[in-house]
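To start, the structure under review is shown below, and the notes come after it.
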2 protein chains.
Amino acid sequence: MPGRETSIDTIQRELTAFARRARHKASQLHPDLSLVTYSILDLINERGGCRAADVAMHFMLDKSTVSRQVTALEKLGLLRRETDPDDQRGQILRATEAGLTLLREANEQRRASFAARFTDWSDQDVARFADYLARYGAED
Amino acid sequence: MPGRETSIDTIQRELTAFARRARHKASQLHPDLSLVTYSILDLINERGGCRAADVAMHFMLDKSTVSRQVTALEKLGLLRRETDPDDQRGQILRATEAGLTLLREANEQRRASFAARFTDWSDQDVARFADYLARYGAED
DNA sequence: AAGAATCGTTGTATAGTGCAACAAAATTTC
DNA sequence: GAAATTTTGTTGCACTATACAACGATTCTT
């Protein structure tokens with residue numbers, strides 16, 4: 001077994017390499033939905049509607065960035081904004097039907113693309129890898 | 001053990017979440033070296049010198065992008081280019097002393113930041129996680 | 001009621017990226 | 001061996017993503 005330091009270096013390098021490639025892959029996988037817009041749409045869907053401020057917080061993005069992305073998504077008809085009845089400053093973002101459809105398609109493509117990389121992995125190895133990643137991500 | 005599909009979804013989600021935050025974290029970790037420039041410098045160091053085309057291939061970047069990043073790194077004095085004696089079209093990129101120093105510092109900060117997340121992981125789990133990531137990355 | 005905080009928009013600037021056109025060198029083809 | 005093709009890198013151009021700052025509207029705190 002390699003040393004702990006070496007292993008941590010490997011983890012660091014591999015995760016960074018993945019991050020570097022992620023944008024490119026996302027654009028290939030669903031050209032009409034960038035990594036950012038996909039992630040935003042996915043988040044508001046998962047949350048069942050949320051505010052721009054929540055999105056900004058979650059992705060560590062400036063509110064102006066989110067504002068522009070949301071405007072773009074709205075123009076594409078993928079989400080709509082409703083003024084929050086409890087706080088007229090804010091808006092509740094919700095995916096439209098078209099947004100949900102696109103999101104489902106994108107998720108399907110992503111899943112297929114990921115699955116293809118694991119064809120020669122055993123079920124056990126896939127499960128363990130997922131566990132480790134989840135454990136890692138949970139510490140965020 | 002969860003189903004294979006579920007595990008793959010987890011892997012997909014966790015890796016994507018990491019990618020979304022990576023740029024921001026990198027800029028916080030070492031403000032003088034972006035995720036891209038850091039990655040490029042790290043790669044040419046690890047390879048003991050390589051060509052711009054290798055960098056582009058490895059990170060799936062356009063050669064023009066790499067060309068500009070390399071120019072920037074050279075202006076900062078972090079790497080130098082040597083014409084490849086065996087092929088005068090190409091250049092061999094090598095980190096300078098200043099580049100190596102900066103890289104060491106950045107790596108130290110990154111390692112510390114990463115290591116902090118593994119304090120409650122056993123050596124064996126860290127090693128296995130590293131193995132899985134390396135195996136995943138190798139299929140690129 | 002006054003001041004402070006929050007939410008979102010817009011103006012401005014910058015970095016990162018891809019594509020296309022190009023130049024130089026090497027390789028292949030005839 | 002000359003011509004065509006491929007490889008390697010640069011530059012011009014366009015566009016996206018991003019942050020920061022200033023702002024207006026609203027809500028919260030005293």
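Each chain in the structure tokens gets a letter, A, B and so on, in the order shown; residues start at 1 in every chain, and ligands are counted from 1 in the order they appear.
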
Interface residues on chain A facing chain C, 8 Å, only C-alpha atoms (C1' of nucleotides), written as an mmCIF file with C-alpha atoms, in the first residue's frame:
```cif
data_model
loop_
_atom_site.group_PDB
_atom_site.id
_atom_site.type_symbol
_atom_site.label_atom_id
_atom_site.label_comp_id
_atom_site.auth_asym_id
_atom_site.auth_seq_id
_atom_site.Cartn_x
_atom_site.Cartn_y
_atom_site.Cartn_z
ATOM 1 C CA ALA A 53 -29.673 33.483 -3.444
ATOM 2 C CA LYS A 63 -25.519 36.670 -7.238
ATOM 3 C CA SER A 64 -24.957 38.621 -10.430
ATOM 4 C CA SER A 67 -29.054 36.449 -12.054
ATOM 5 C CA ARG A 89 -37.834 41.105 -2.759
ATOM 6 C CA GLY A 90 -37.293 37.535 -3.739
#
```

Residues of chain D within 10 Å of chain B, only C-alpha atoms (C1' of nucleotides) counted, as a PDB file with C-alpha atoms (C1' of nucleotides), in the first residue's frame:
```
ATOM      1  C1'  DT D   7       1.444  17.988 -37.232  1.00  0.00           C
ATOM      2  C1'  DT D   8       2.595  21.853 -34.070  1.00  0.00           C
ATOM      3  C1'  DG D   9       1.957  26.081 -32.489  1.00  0.00           C
ATOM      4  C1'  DT D  10       0.235  31.281 -32.951  1.00  0.00           C
ATOM      5  C1'  DT D  11      -3.079  34.906 -33.698  1.00  0.00           C
TER       6       DT D  11
END
```

task = Counting only C-alpha atoms, figure out which residue out of A:Leu61, A:Ala138, A:Leu93, A:Leu102 gets nearest to Phe18 in chain B.
result =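 Smallest distance to Phe18 in chain B is found for A:Ala138.
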
Residues of chain B no more than 7 Å from chain A, counting only C-alpha atoms: send them over as a VMD selection string.
-> chain B and resid 1 to 2 4 7 to 12 14 19 to 22 59 to 60 111 114 to 115 117 123 126 to 127 129 to 130 132 to 134 137

Least-squares overlay of chain A on chain B, all C-alpha in order, gives RMSD 1.0 Å

| task | Identify, on the basis of only C-alpha atoms (C1' of nucleotides), every residue whose closest approach to range 94-97 of chain B does not exceed 10 Å; exclude the query and any residue fewer than 5 positions from it along the same chain; express the result as a count of residues only. | result | 22

Residues of range 64-130 of chain A in helix (DSSP H, G or I), written as a PyMOL selection string: chain A and resi 64-75+97-116+123-130

I need the residues from that last selection saved to file as an mmCIF file, in the first residue's frame (with C-alpha atoms), if you can.
```cif
data_model
loop_
_atom_site.group_PDB
_atom_site.id
_atom_site.type_symbol
_atom_site.label_atom_id
_atom_site.label_comp_id
_atom_site.auth_asym_id
_atom_site.auth_seq_id
_atom_site.Cartn_x
_atom_site.Cartn_y
_atom_site.Cartn_z
ATOM 1 C CA SER A 64 -24.957 38.621 -10.430
ATOM 2 C CA THR A 65 -23.757 35.484 -12.176
ATOM 3 C CA VAL A 66 -26.800 33.589 -11.035
ATOM 4 C CA SER A 67 -29.054 36.449 -12.054
ATOM 5 C CA ARG A 68 -27.735 36.293 -15.590
ATOM 6 C CA GLN A 69 -27.903 32.529 -15.817
ATOM 7 C CA VAL A 70 -31.450 32.578 -14.559
ATOM 8 C CA THR A 71 -32.378 35.237 -17.100
ATOM 9 C CA ALA A 72 -30.929 33.028 -19.829
ATOM 10 C CA LEU A 73 -32.782 29.960 -18.596
ATOM 11 C CA GLU A 74 -36.003 31.944 -18.461
ATOM 12 C CA LYS A 75 -35.513 33.191 -22.004
ATOM 13 C CA GLU A 97 -42.301 21.455 -18.221
ATOM 14 C CA ALA A 98 -39.790 22.072 -20.996
ATOM 15 C CA GLY A 99 -37.084 22.467 -18.369
ATOM 16 C CA LEU A 100 -38.010 19.204 -16.699
ATOM 17 C CA THR A 101 -38.017 17.378 -19.989
ATOM 18 C CA LEU A 102 -34.614 18.703 -20.933
ATOM 19 C CA LEU A 103 -33.291 17.898 -17.492
ATOM 20 C CA ARG A 104 -34.524 14.340 -17.710
ATOM 21 C CA GLU A 105 -32.874 13.902 -21.084
ATOM 22 C CA ALA A 106 -29.628 15.385 -19.864
ATOM 23 C CA ASN A 107 -29.656 13.174 -16.799
ATOM 24 C CA GLU A 108 -30.251 10.149 -18.945
ATOM 25 C CA GLN A 109 -27.324 10.993 -21.199
ATOM 26 C CA ARG A 110 -25.089 11.669 -18.247
ATOM 27 C CA ARG A 111 -25.994 8.428 -16.610
ATOM 28 C CA ALA A 112 -25.323 6.485 -19.793
ATOM 29 C CA SER A 113 -22.007 8.216 -20.302
ATOM 30 C CA PHE A 114 -20.911 7.502 -16.749
ATOM 31 C CA ALA A 115 -22.132 3.952 -16.849
ATOM 32 C CA ALA A 116 -20.060 3.254 -19.946
ATOM 33 C CA ASP A 123 -20.578 -4.138 -8.748
ATOM 34 C CA GLN A 124 -18.701 -4.141 -5.506
ATOM 35 C CA ASP A 125 -16.013 -1.805 -6.743
ATOM 36 C CA VAL A 126 -18.594 0.603 -8.155
ATOM 37 C CA ALA A 127 -20.460 0.596 -4.869
ATOM 38 C CA ARG A 128 -17.305 1.204 -2.864
ATOM 39 C CA PHE A 129 -16.175 3.991 -5.131
ATOM 40 C CA ALA A 130 -19.574 5.659 -4.770
#
```
